[in-house]
Each structure stands twice: as C-alpha cells, then as structure tokens.
Number of protein chains: 2
Amino acid sequence: MKEQGDVRYENVIVSTRIRLARNFADYPFPNRLKDEASAREIIRLVAAELNTVDAFTLYHMNALSPEIAESLKERYLISRDLIEHRRISAALVSFDETISVMINEEDHIREQYFMKGFELRKVYERISGIDDIIAEAIPFAFDETLGYLTACPTNLGTGLRASVMLFLPALARSEQLERMIVQLKRLGLVVRGCFGEGSAAEGDLYQVSNEVTLGPSEAEILSVVEQAVNVIAVEEFKARARLAEEGGVALKDRILRAYGTLTNCLSLAESEFMRLAADVKLGIAFGMFDGSMEALDDLIVTLRPANINRMNGFPLGKEEQDLYRAEYAGKALRGMELLTETKRKQLFPRG
Amino acid sequence: MKEQGDVRYENVIVSTRIRLARNFADYPFPNRLKDEASAREIIRLVAAELNTVDAFTLYHMNALSPEIAESLKERYLISRDLIEHRRISAALVSFDETISVMINEEDHIREQYFMKGFELRKVYERISGIDDIIAEAIPFAFDETLGYLTACPTNLGTGLRASVMLFLPALARSEQLERMIVQLKRLGLVVRGCFGEGSAAEGDLYQVSNEVTLGPSEAEILSVVEQAVNVIAVEEFKARARLAEEGGVALKDRILRAYGTLTNCLSLAESEFMRLAADVKLGIAFGMFDGSMEALDDLIVTLRPANINRMNGFPLGKEEQDLYRAEYAGKALRGMELLTETKRKQLFPRG
C-alpha cells in the first residue's frame, strides 16, 4: 500500500473526513425526542465536554438565520437534516473548522473530523479522541452484537463513515469512472458528487466513502477505503497522462483561457466558476501553473452562495452574487501568481 | 465643422489615407505596356525622383516572394492588382511606411499617403508635394476638360481617393449603419470593410471614401468626406452611449473576458483576434481600460497572417500561426498595462 501523504496524491486527493454516528443510552432517539428540555440537556452536556478539549462555537439551529445555516452546510460542517431538525438541533464547530459535532440530527451526535489531503489514519485517531471524551461522560447506546445503535440501520455497528474527496478531471472525461463506480459498489463503497448523496460532481470533485458500517471493524473499513482511493488515484494519474498527450494545444488553450476568464471577468456564476476552477486545477496538475490546488479548493468553498452572503454581511441577489464572486475570485487568483512570465514562455513552442 | 485632430475623434477614427492615380503622357498605359523595357524605365524614373525626397525601398514585384507581397498588402502598402501585374509592377515604400507609390498597377503610378487619426488636410498636402515632384520630372497625361487621365474612367478627373478608416462597434451593432451607408452612397461616398471592396468589416473597422473623382475639385471631395466622417463619428458616439447604458454588466463582462482571453490564450485565430481586439477597444472607448486604441490598431495590422510569416522568417501553417499570434498578442497586451488594480476596482460595484 502506498504511503499516505505521498506527494503524488497531492493533485488528486483534496481532503479526508470521518464521521461517527452515536446515540446516548439514557435518552430517546432524536425522532422520538418530543421533549425539548431533554434535547437542550443533550446539547448542554456535549458542549460542556467538548469545551474541555478545544474552543467550540455552539450554533443553536433554531436561532440561526437560513443564510448562516446554509453557509455552514456549504463548508461541510452541518447537514441538510440538521437544518430540518432545527427545533431541537445544534452544532458545535471548532475554531479552525476541522471538528464539527452535530447534535440531535438523525442521531444524538454526529462527530466529524476533517483534514486536507489523504489522512485517514490521523483523522481516525483524532475523531476517536473526541469520541472517547464524550463516551466517558455520557454513556453511548451500545450493543455487544450490533455495536453502536443508530437511528437508521445503515449506520449500525461502527457508525463510521470515512469519506475522501478526490479531484478526478481525467477519469470524469473518460468512460472509465462509471465502470469503476460499479466495481467499487461491490466492495461496499459509494462514489458521489461533492455534496454527498444525489449531488452532481461539479468541478470534477468526487467523494468516495464506505456504505457498509456493520460487519467490518473500523480498521477494515479504513483499509478498504484507503485501497480504493489508491487505485482510483493511480488510474486518474494514468488518465491524466493520456489526456495531456491527446488534448494537445486545444486542452492547454482551454486551461489558459479559463485562467484568463477567472482573473478578469466581471460576473461569474457558481457553475461556471466550478468548471473554470477545475480547468485551472488541471493546469496545476499538468505543471502549466505554479502553486498548489489547495488554494483553489479553499476558494471553491469560500465562494459558495451562502458563504458569499455571510462575507457580504447581508444576502445578495443572484446578479450581485456573481459580481461578488468574479471580483473575489479574480483578486484571489491574481494574488496566487500562478502564471509568471517565465512559466508563460515555457508554454509556447518558440520558448 | 469640427476641428480635425479633435480629441473626441480619437476612439473612432483610426487613420486617413489619400491616393492619387496618375499616368505619364509619354508612355502607353500599363495594360498596353507590352514592352518590359519601358516598364523598367518608368520604375527607374519614379524611383530616382522619390529618392531625392526620402529613403524609399523599391520592391520589384516579380522578385518578391508571395509572403512578402502579401505582407505589404496587409499593411495597406500595395494592392492585389499590383501583385497580379507583377511582370511589370513595382512599389516604392518610405522607411516609415507612410508613403507608398505603386508603379505599373492599373495606372502608371498610384501615390498614397497614410497618417493615423483624422488628418485629411495634412495628408492631402503631403501627397500633393510628392505628386508635384514627380510631375515636374515626368509629364502626366492630363486633359483640360477631363483632368488626369486614368486607365479606368472611375478614377478620371482628380484621380483622388480619400479614405478614412473608422472603428464603429456601436453603429455596427445597431441597424443604423446600413441606413447610413445608403444615404452616404447618394453623396458619392462608399463604406467598405477594412480591406476595401468586397471585404467584410472585421473588427468593426470600416473605410469611408469618395466614389466620384470627376466633377468636384480636390477640395470639394475632401470636404464631403470630412463632413460625412463627422456625421458618422457623432452618430457612433451616440450609439456608444446607448450601448453602454443598455449593455450593462453583460457588456462589460464580455469586454473584460475578451481582455482575459487575449492576455492568456495559447492559440488565437485571426478572426477571433479581430473580434476580441474590437471588444477591448470598445472597453478603451468606455474608459474601462487605460491606454489608447492606437496600439491595438497597430497590433491588428502586425498580426495579419503574412506579416506573422514575415516576422517569423519563414511561412507557418495555420496552427503555428495561431500560436504565434496568441503569444505575440498576449505579450503586447500585458505590456500595455490596460488594466491596473485601481482601474479594476472601479469596475466593481463595491469599489
């Protein structure tokens, strides 16, 4: 198996995320939690434990504007379900936004840890640390045979979902990806767009995660995900090499024009931004640009609609959002200095 | 009448060109000039006179490669007809390319003077100076009633054609231009694309010139052209004001994207270059960019296909030409510094 954090994964693997679904033994599951006092008690207990570890912001979902809630969702910190359960739900988010604990979503808690890059083991260690602290203070609903009990049977057992976000521009352009998705499904893995179930793979971003939580151990789940990601990454690299060769001048031209548009346009819709950013990232992968994809991946999250509203201070209409996005993206990309005069020279045959 | 050289014409009027058609009394007209020795004698006589005025390069058309001939034509220094008459024809071109005298085209000589901007009077004075010098040395075929005799009756009389090149992006987008062309025709004026008869108006460039040479005096011809250009320029300014208002964000966005593409693309076909350059020039007219249109107008001439071949040293295929054009245009436009960070800021509503 390849070493995680290997430099060769740098332009394929965006981030790693693990979440654990847990319920407390002494409280009814959230869908039966009619009593708002109990819901508030759970929130208070979890918050008290987490605040011994790190600085967390507590968001009571019923006190949150739809814009702020949506912006948390865009940053992968909360789920749509948590927003829908707003009567009783809350979220605890660490200052650096690497840890988020959703409370009273489908389960009492959904603990999530996030890291950039391919970091399954580190992420698992860290989320386990959080999990242990909570478990010591508030006993989890646990069955010797079934493992952790969850509201939905698909989360039973380990309650663990490991997700790796991958940037697959070359595989997405070939027919290979569809075939791989079918094969991965047989291994209990699922491939989705970047916003999870049912979301399209905008910006060529795909999430690979385990579907099965019951049966295999945590270590086995991580190992299967790790191996699958390895295989996908290797295939993506091969597909990129073919693409670079077959794409020729037209592909490089498209990538450079994407950069030209991003650094100069006045108005930029989200879907176009995702498409152009994916082209520029492919240019980084091809060595056409200096710099790393990470800054662009951050920018993609930063410039989602609700987050723009949050940064702006008040909600904007679609047209104003597109102006905001164009200005922000242009400034950010020009600041990245992806394309020096030296680098430009190398792109032309006359040198 | 508006003063010529007025700053308000700066972004409408590209250049002024006057040509005089002349024939020598002592030689048969070129179409009857079977004798190559006489043709060479005419070339020698004209060259001797002109070399007393300025440093001229003499191009014997039959000794010129098709690439160099085409590149002279692209720079408006010679005509297609001169190339076709290559057995007996030649051209004398001044070092700065403002004066060109075609010899043994349809007429014995076609003297042309070119200046940037709206300079009908200056151009007329200068070409008359050249004309006088030749007339003193070699008598012209002249008839008291008909004036200067020419091969084609459409050039009889003054033998003068005054042409003004205009950049009309706003009128071209309205239906107004078609109506104006019909009205101008009644005044004996003709509007053509930038390469004369039958050429399309690429890059929104139009030539206005007199069709009638017999009847009115030189002064009257210049006056009619001058007045017509004044009217067209005023209408173009009005149309631009309307366009700026109605075009809104979408128009500005298109202009900025054109700039982004020109400064970054890897491959650029001529027609796309003309279109994008016209958008950037419109941006200059709208005050979105710093700088003047002149540098862009020069670039349009510089990057015509045969001129690229001339600069490259040997002919390139279409694909290589498009790479050459993209590299050259990108470097030139980045060097113009049309868009400073201060200027960019002003384009966005948040400032």
# chains A, B, ... in the order shown; residues from 1 in each chain; ligands from 1
>>> select_by_dssp(residues="stretch 122-180 of chain B", states="helix (DSSP H, G or I)", output="list in words")
Lys122, Val123, Tyr124, Glu125, Arg126, Ile127, Ser128, Gly129, Ile130, Asp131, Asp132, Ile133, Ile134, Ala135, Glu136, Ala137, Pro153, Thr154, Asn155, Pro169, Ala170, Leu171, Ala172, Arg173, Gln176, Leu177, Glu178, Arg179 and Met180 of chain B
>>> closest_atom_pairs(of="chain B", to="chain A", cutoff="12 Å", atoms="only C-alpha atoms", output="Markdown table")
| residue | atom | partner | partner_atom | distance |
| --- | --- | --- | --- | --- |
| B:Gly248 | CA | A:Leu266 | CA | 10.9 |
| B:Val249 | CA | A:Leu266 | CA | 7.4 |
| B:Ala250 | CA | A:Ser267 | CA | 7.8 |
| B:Leu251 | CA | A:Leu266 | CA | 9.6 |
| B:Lys252 | CA | A:Leu266 | CA | 7.0 |
| B:Asp253 | CA | A:Leu266 | CA | 4.7 |
| B:Arg254 | CA | A:Cys265 | CA | 7.7 |
| B:Ile255 | CA | A:Cys265 | CA | 8.4 |
| B:Leu256 | CA | A:Cys265 | CA | 5.4 |
| B:Arg257 | CA | A:Cys265 | CA | 5.2 |
| B:Ala258 | CA | A:Thr261 | CA | 8.2 |
| B:Tyr259 | CA | A:Asn264 | CA | 7.3 |
| B:Gly260 | CA | A:Gly260 | CA | 4.1 |
| B:Thr261 | CA | A:Gly260 | CA | 5.2 |
| B:Leu262 | CA | A:Gly260 | CA | 8.0 |
| B:Thr263 | CA | A:Gly260 | CA | 6.9 |
| B:Asn264 | CA | A:Gly260 | CA | 5.3 |
| B:Cys265 | CA | A:Arg257 | CA | 5.2 |
| B:Leu266 | CA | A:Asp253 | CA | 4.7 |
| B:Ser267 | CA | A:Asp253 | CA | 6.1 |
| B:Leu268 | CA | A:Asp253 | CA | 9.0 |
| B:Ala269 | CA | A:Asp253 | CA | 11.9 |
| B:Met288 | CA | A:Leu266 | CA | 11.5 |
| B:Asn312 | CA | A:Arg350 | CA | 10.2 |
| B:Glu319 | CA | A:Val249 | CA | 9.2 |
| B:Glu320 | CA | A:Pro349 | CA | 8.8 |
| B:Gln321 | CA | A:Pro349 | CA | 11.4 |
| B:Asp322 | CA | A:Val249 | CA | 10.5 |
| B:Leu323 | CA | A:Phe348 | CA | 7.3 |
| B:Tyr324 | CA | A:Phe348 | CA | 8.3 |
| B:Arg325 | CA | A:Phe348 | CA | 10.9 |
| B:Ala326 | CA | A:Phe348 | CA | 9.2 |
| B:Glu327 | CA | A:Phe348 | CA | 7.1 |
| B:Tyr328 | CA | A:Phe348 | CA | 10.4 |
| B:Gly330 | CA | A:Arg344 | CA | 9.8 |
| B:Lys331 | CA | A:Glu341 | CA | 9.1 |
| B:Arg334 | CA | A:Glu341 | CA | 10.2 |
| B:Gly335 | CA | A:Glu341 | CA | 11.3 |
| B:Leu338 | CA | A:Asn264 | CA | 11.9 |
| B:Leu339 | CA | A:Asn264 | CA | 9.4 |
| B:Thr340 | CA | A:Asn264 | CA | 11.4 |
| B:Glu341 | CA | A:Lys331 | CA | 9.1 |
| B:Thr342 | CA | A:Lys331 | CA | 11.9 |
| B:Lys343 | CA | A:Asn264 | CA | 11.8 |
| B:Arg344 | CA | A:Asn264 | CA | 8.7 |
| B:Lys345 | CA | A:Glu327 | CA | 8.5 |
| B:Gln346 | CA | A:Glu327 | CA | 11.0 |
| B:Leu347 | CA | A:Leu266 | CA | 7.7 |
| B:Phe348 | CA | A:Glu327 | CA | 7.0 |
| B:Pro349 | CA | A:Leu323 | CA | 8.1 |
| B:Arg350 | CA | A:Tyr324 | CA | 8.3 |
| B:Gly351 | CA | A:Glu327 | CA | 9.8 |
>>> closest_atom_pairs(of="stretch 142-185 of chain A", to="stretch 102-125 of chain A", cutoff="8 Å", atoms="only C-alpha atoms", output="CSV")
residue,atom,partner,partner_atom,distance
A:Thr150,CA,A:Asp107,CA,6.3
A:Ala151,CA,A:Asp107,CA,5.8
A:Cys152,CA,A:Glu106,CA,7.9
A:Ala162,CA,A:Leu120,CA,7.6
A:Val164,CA,A:Phe118,CA,7.3
>>> atom_distance(atom1="atom CA of A:Arg32", atom2="atom CA of A:Leu64")
23.2 Å
>>> residues_around(residues="A:Asp298", least_positions_apart="2", cutoff="12 Å", atoms="only C-alpha atoms", output="ChimeraX atom specification")
/A:14-15,74-75,116,274,277,292-296,300-304,307,329,332-333
>>> write_last_selection(atoms="C-alpha atoms", output="PDB file, in the first residue's frame")
ATOM      1  CA  VAL A  14      -8.488  17.048  -1.748  1.00  0.00           C
ATOM      2  CA  SER A  15      -9.487  16.072   1.764  1.00  0.00           C
ATOM      3  CA  GLU A  74     -21.573  24.699   2.261  1.00  0.00           C
ATOM      4  CA  ARG A  75     -18.453  24.359   4.376  1.00  0.00           C
ATOM      5  CA  LYS A 116      -6.859  18.377   3.901  1.00  0.00           C
ATOM      6  CA  MET A 274     -16.547  25.411 -10.655  1.00  0.00           C
ATOM      7  CA  ALA A 277     -11.524  26.365 -11.436  1.00  0.00           C
ATOM      8  CA  SER A 292      -0.933  24.155  -5.484  1.00  0.00           C
ATOM      9  CA  MET A 293      -4.545  23.153  -5.912  1.00  0.00           C
ATOM     10  CA  GLU A 294      -5.255  23.701  -2.228  1.00  0.00           C
ATOM     11  CA  ALA A 295      -5.797  27.438  -2.512  1.00  0.00           C
ATOM     12  CA  LEU A 296      -8.276  26.845  -5.328  1.00  0.00           C
ATOM     13  CA  ILE A 300     -14.375  26.920  -4.222  1.00  0.00           C
ATOM     14  CA  VAL A 301     -15.748  26.505  -0.704  1.00  0.00           C
ATOM     15  CA  THR A 302     -15.363  30.203   0.119  1.00  0.00           C
ATOM     16  CA  LEU A 303     -17.334  31.311  -2.928  1.00  0.00           C
ATOM     17  CA  ARG A 304     -20.413  29.163  -2.452  1.00  0.00           C
ATOM     18  CA  ASN A 307     -20.838  31.923   2.189  1.00  0.00           C
ATOM     19  CA  ALA A 329     -12.026  35.067  -7.427  1.00  0.00           C
ATOM     20  CA  ALA A 332      -7.524  35.786  -5.202  1.00  0.00           C
ATOM     21  CA  LEU A 333      -6.263  34.179  -8.410  1.00  0.00           C
TER      22      LEU A 333
END
>>> residues_around(residues="A:Glu67", least_positions_apart="6", cutoff="12 Å", atoms="only C-alpha atoms", output="list of chain:residue names")
A:Met61, A:Lys73, A:Glu74, A:Ile83, A:Arg304, A:Pro305, A:Ala306, A:Asn307, A:Ile308, A:Asn309, A:Arg310, A:Met311, A:Asn312, A:Gly313, A:Phe314, A:Pro315, A:Leu316
>>> write_last_selection(atoms="N, CA, C and O atoms", output="short mmCIF file (atom, residue, chain, number, x, y, z; two decimals), in the first residue's frame")
data_model
loop_
_atom_site.label_atom_id
_atom_site.label_comp_id
_atom_site.auth_asym_id
_atom_site.auth_seq_id
_atom_site.Cartn_x
_atom_site.Cartn_y
_atom_site.Cartn_z
N MET A 61 -29.57 25.62 16.12
CA MET A 61 -30.08 25.75 14.76
C MET A 61 -31.35 26.61 14.69
O MET A 61 -31.57 27.31 13.70
N LYS A 73 -23.43 24.63 6.03
CA LYS A 73 -23.62 23.43 5.21
C LYS A 73 -22.64 23.44 4.03
O LYS A 73 -22.04 22.40 3.70
N GLU A 74 -22.49 24.61 3.40
CA GLU A 74 -21.57 24.70 2.26
C GLU A 74 -20.14 24.39 2.66
O GLU A 74 -19.35 23.93 1.84
N ILE A 83 -30.46 21.02 9.63
CA ILE A 83 -31.26 22.24 9.43
C ILE A 83 -32.74 21.90 9.58
O ILE A 83 -33.50 22.62 10.22
N ARG A 304 -19.07 29.72 -2.32
CA ARG A 304 -20.41 29.16 -2.45
C ARG A 304 -21.41 30.26 -2.06
O ARG A 304 -21.08 31.17 -1.29
N PRO A 305 -22.64 30.16 -2.62
CA PRO A 305 -23.59 31.28 -2.47
C PRO A 305 -23.80 31.78 -1.04
O PRO A 305 -23.69 32.98 -0.79
N ALA A 306 -24.11 30.88 -0.11
CA ALA A 306 -24.44 31.36 1.23
C ALA A 306 -23.21 31.93 1.92
O ALA A 306 -23.31 32.85 2.74
N ASN A 307 -22.05 31.40 1.57
CA ASN A 307 -20.84 31.92 2.19
C ASN A 307 -20.54 33.33 1.68
O ASN A 307 -20.02 34.17 2.42
N ILE A 308 -20.85 33.58 0.41
CA ILE A 308 -20.72 34.94 -0.12
C ILE A 308 -21.64 35.87 0.67
O ILE A 308 -21.22 36.95 1.10
N ASN A 309 -22.86 35.43 0.90
CA ASN A 309 -23.79 36.26 1.68
C ASN A 309 -23.25 36.54 3.08
O ASN A 309 -23.35 37.65 3.59
N ARG A 310 -22.67 35.51 3.68
CA ARG A 310 -22.10 35.66 5.02
C ARG A 310 -20.98 36.69 5.00
O ARG A 310 -20.92 37.61 5.83
N MET A 311 -20.06 36.57 4.00
CA MET A 311 -18.94 37.50 3.92
C MET A 311 -19.43 38.91 3.64
O MET A 311 -18.87 39.89 4.11
N ASN A 312 -20.49 38.99 2.83
CA ASN A 312 -21.01 40.30 2.43
C ASN A 312 -21.75 41.00 3.57
O ASN A 312 -21.90 42.21 3.56
N GLY A 313 -22.22 40.21 4.53
CA GLY A 313 -22.92 40.81 5.67
C GLY A 313 -24.43 40.79 5.52
O GLY A 313 -25.15 40.83 6.50
N PHE A 314 -24.92 40.72 4.30
CA PHE A 314 -26.36 40.58 4.07
C PHE A 314 -26.56 39.85 2.74
O PHE A 314 -25.67 39.88 1.89
N PRO A 315 -27.73 39.19 2.58
CA PRO A 315 -27.93 38.37 1.38
C PRO A 315 -27.94 39.19 0.10
O PRO A 315 -28.49 40.30 0.07
N LEU A 316 -27.35 38.64 -0.95
CA LEU A 316 -27.31 39.29 -2.26
C LEU A 316 -28.17 38.51 -3.25
O LEU A 316 -28.33 37.30 -3.12
#
>>> closest_residue(among="A:Leu50, A:Val191, A:Glu136, A:Arg22", to="A:Arg179", atoms="only C-alpha atoms")
A:Val191
>>> residues_around(residues="stretch 142-144 of chain A", least_positions_apart="5", cutoff="9 Å", atoms="only C-alpha atoms", output="ChimeraX atom specification")
/A:22-25,149,157
>>> atom_distance(atom1="atom CA of B:Ala244", atom2="atom CA of B:Val12")
15.4 Å
>>> select_by_dssp(residues="stretch 13-103 of chain B", states="strand (DSSP E or B)", output="ChimeraX atom specification")
/B:13-22,24,56-60,90-94,99-103
>>> atom_distance(atom1="atom CA of B:Ala201", atom2="atom CA of B:His85")
26.7 Å
>>> residues_around(residues="B:Thr57", least_positions_apart="2", cutoff="9 Å", atoms="only C-alpha atoms", output="list in words")
Ala55, Tyr59, Ala91, Leu92, Val93, Ser94 and Phe95 of chain B
>>> residues_around(residues="B:Gly291", least_positions_apart="3", cutoff="8 Å", atoms="only C-alpha atoms", output="count of residues only")
4
>>> decode(residues="stretch 193-274 of chain B", atoms="C-alpha atoms", output="PDB file, in the first residue's frame")
ATOM      1  CA  GLY B 193     -14.732  46.672 -44.813  1.00  0.00           C
ATOM      2  CA  CYS B 194     -11.152  47.402 -43.819  1.00  0.00           C
ATOM      3  CA  PHE B 195      -9.635  45.693 -46.850  1.00  0.00           C
ATOM      4  CA  GLY B 196     -11.588  47.697 -49.401  1.00  0.00           C
ATOM      5  CA  GLU B 197     -14.121  46.477 -51.929  1.00  0.00           C
ATOM      6  CA  GLY B 198     -15.879  43.257 -51.021  1.00  0.00           C
ATOM      7  CA  SER B 199     -14.089  42.775 -47.709  1.00  0.00           C
ATOM      8  CA  ALA B 200     -16.057  42.186 -44.533  1.00  0.00           C
ATOM      9  CA  ALA B 201     -15.839  44.679 -41.695  1.00  0.00           C
ATOM     10  CA  GLU B 202     -13.768  42.529 -39.391  1.00  0.00           C
ATOM     11  CA  GLY B 203     -13.017  44.041 -36.033  1.00  0.00           C
ATOM     12  CA  ASP B 204     -15.759  46.643 -36.643  1.00  0.00           C
ATOM     13  CA  LEU B 205     -13.404  48.579 -38.920  1.00  0.00           C
ATOM     14  CA  TYR B 206     -14.960  50.480 -41.827  1.00  0.00           C
ATOM     15  CA  GLN B 207     -13.454  52.569 -44.614  1.00  0.00           C
ATOM     16  CA  VAL B 208     -15.337  55.628 -45.839  1.00  0.00           C
ATOM     17  CA  SER B 209     -14.152  57.007 -49.166  1.00  0.00           C
ATOM     18  CA  ASN B 210     -15.298  59.022 -52.176  1.00  0.00           C
ATOM     19  CA  GLU B 211     -16.534  57.092 -55.165  1.00  0.00           C
ATOM     20  CA  VAL B 212     -16.682  60.085 -57.553  1.00  0.00           C
ATOM     21  CA  THR B 213     -13.393  61.555 -58.807  1.00  0.00           C
ATOM     22  CA  LEU B 214     -14.633  63.501 -61.827  1.00  0.00           C
ATOM     23  CA  GLY B 215     -16.558  66.758 -61.412  1.00  0.00           C
ATOM     24  CA  PRO B 216     -15.866  68.037 -57.937  1.00  0.00           C
ATOM     25  CA  SER B 217     -12.489  69.591 -57.167  1.00  0.00           C
ATOM     26  CA  GLU B 218      -9.978  68.019 -54.778  1.00  0.00           C
ATOM     27  CA  ALA B 219     -11.098  70.485 -52.078  1.00  0.00           C
ATOM     28  CA  GLU B 220     -14.751  69.597 -52.612  1.00  0.00           C
ATOM     29  CA  ILE B 221     -14.036  65.853 -52.378  1.00  0.00           C
ATOM     30  CA  LEU B 222     -12.114  66.297 -49.139  1.00  0.00           C
ATOM     31  CA  SER B 223     -14.883  68.476 -47.734  1.00  0.00           C
ATOM     32  CA  VAL B 224     -17.617  65.913 -48.484  1.00  0.00           C
ATOM     33  CA  VAL B 225     -15.577  63.085 -46.932  1.00  0.00           C
ATOM     34  CA  GLU B 226     -14.782  65.255 -43.940  1.00  0.00           C
ATOM     35  CA  GLN B 227     -18.406  66.160 -43.318  1.00  0.00           C
ATOM     36  CA  ALA B 228     -19.571  62.574 -43.720  1.00  0.00           C
ATOM     37  CA  VAL B 229     -16.961  61.306 -41.279  1.00  0.00           C
ATOM     38  CA  ASN B 230     -18.043  63.990 -38.810  1.00  0.00           C
ATOM     39  CA  VAL B 231     -21.656  62.848 -39.020  1.00  0.00           C
ATOM     40  CA  ILE B 232     -20.722  59.160 -38.681  1.00  0.00           C
ATOM     41  CA  ALA B 233     -18.466  59.877 -35.693  1.00  0.00           C
ATOM     42  CA  VAL B 234     -21.196  61.824 -33.900  1.00  0.00           C
ATOM     43  CA  GLU B 235     -23.697  59.014 -34.535  1.00  0.00           C
ATOM     44  CA  GLU B 236     -21.181  56.429 -33.344  1.00  0.00           C
ATOM     45  CA  PHE B 237     -20.704  58.363 -30.097  1.00  0.00           C
ATOM     46  CA  LYS B 238     -24.454  58.498 -29.565  1.00  0.00           C
ATOM     47  CA  ALA B 239     -24.757  54.789 -30.309  1.00  0.00           C
ATOM     48  CA  ARG B 240     -21.928  54.037 -27.848  1.00  0.00           C
ATOM     49  CA  ALA B 241     -23.682  55.987 -25.111  1.00  0.00           C
ATOM     50  CA  ARG B 242     -26.847  53.943 -25.716  1.00  0.00           C
ATOM     51  CA  LEU B 243     -24.850  50.714 -25.859  1.00  0.00           C
ATOM     52  CA  ALA B 244     -23.055  51.478 -22.582  1.00  0.00           C
ATOM     53  CA  GLU B 245     -26.396  52.045 -20.905  1.00  0.00           C
ATOM     54  CA  GLU B 246     -28.263  49.084 -22.383  1.00  0.00           C
ATOM     55  CA  GLY B 247     -25.320  46.685 -22.336  1.00  0.00           C
ATOM     56  CA  GLY B 248     -24.906  46.869 -18.567  1.00  0.00           C
ATOM     57  CA  VAL B 249     -22.930  44.236 -16.720  1.00  0.00           C
ATOM     58  CA  ALA B 250     -23.126  41.686 -19.561  1.00  0.00           C
ATOM     59  CA  LEU B 251     -21.339  44.012 -21.998  1.00  0.00           C
ATOM     60  CA  LYS B 252     -18.619  44.995 -19.517  1.00  0.00           C
ATOM     61  CA  ASP B 253     -18.193  41.339 -18.588  1.00  0.00           C
ATOM     62  CA  ARG B 254     -17.751  40.412 -22.264  1.00  0.00           C
ATOM     63  CA  ILE B 255     -15.157  43.159 -22.701  1.00  0.00           C
ATOM     64  CA  LEU B 256     -13.198  42.049 -19.633  1.00  0.00           C
ATOM     65  CA  ARG B 257     -13.335  38.413 -20.700  1.00  0.00           C
ATOM     66  CA  ALA B 258     -12.043  39.417 -24.136  1.00  0.00           C
ATOM     67  CA  TYR B 259      -9.106  41.062 -22.380  1.00  0.00           C
ATOM     68  CA  GLY B 260      -8.609  37.960 -20.211  1.00  0.00           C
ATOM     69  CA  THR B 261      -8.579  35.689 -23.239  1.00  0.00           C
ATOM     70  CA  LEU B 262      -6.233  37.901 -25.256  1.00  0.00           C
ATOM     71  CA  THR B 263      -3.731  38.172 -22.417  1.00  0.00           C
ATOM     72  CA  ASN B 264      -3.742  34.448 -21.634  1.00  0.00           C
ATOM     73  CA  CYS B 265      -4.713  32.194 -24.536  1.00  0.00           C
ATOM     74  CA  LEU B 266      -2.296  29.755 -26.158  1.00  0.00           C
ATOM     75  CA  SER B 267      -3.899  29.732 -29.610  1.00  0.00           C
ATOM     76  CA  LEU B 268      -5.680  32.572 -31.394  1.00  0.00           C
ATOM     77  CA  ALA B 269      -7.204  32.552 -34.873  1.00  0.00           C
ATOM     78  CA  GLU B 270      -7.212  35.837 -36.794  1.00  0.00           C
ATOM     79  CA  SER B 271     -10.983  36.280 -36.863  1.00  0.00           C
ATOM     80  CA  GLU B 272     -11.255  35.684 -33.113  1.00  0.00           C
ATOM     81  CA  PHE B 273      -8.394  38.088 -32.525  1.00  0.00           C
ATOM     82  CA  MET B 274     -10.177  40.793 -34.546  1.00  0.00           C
TER      83      MET B 274
END
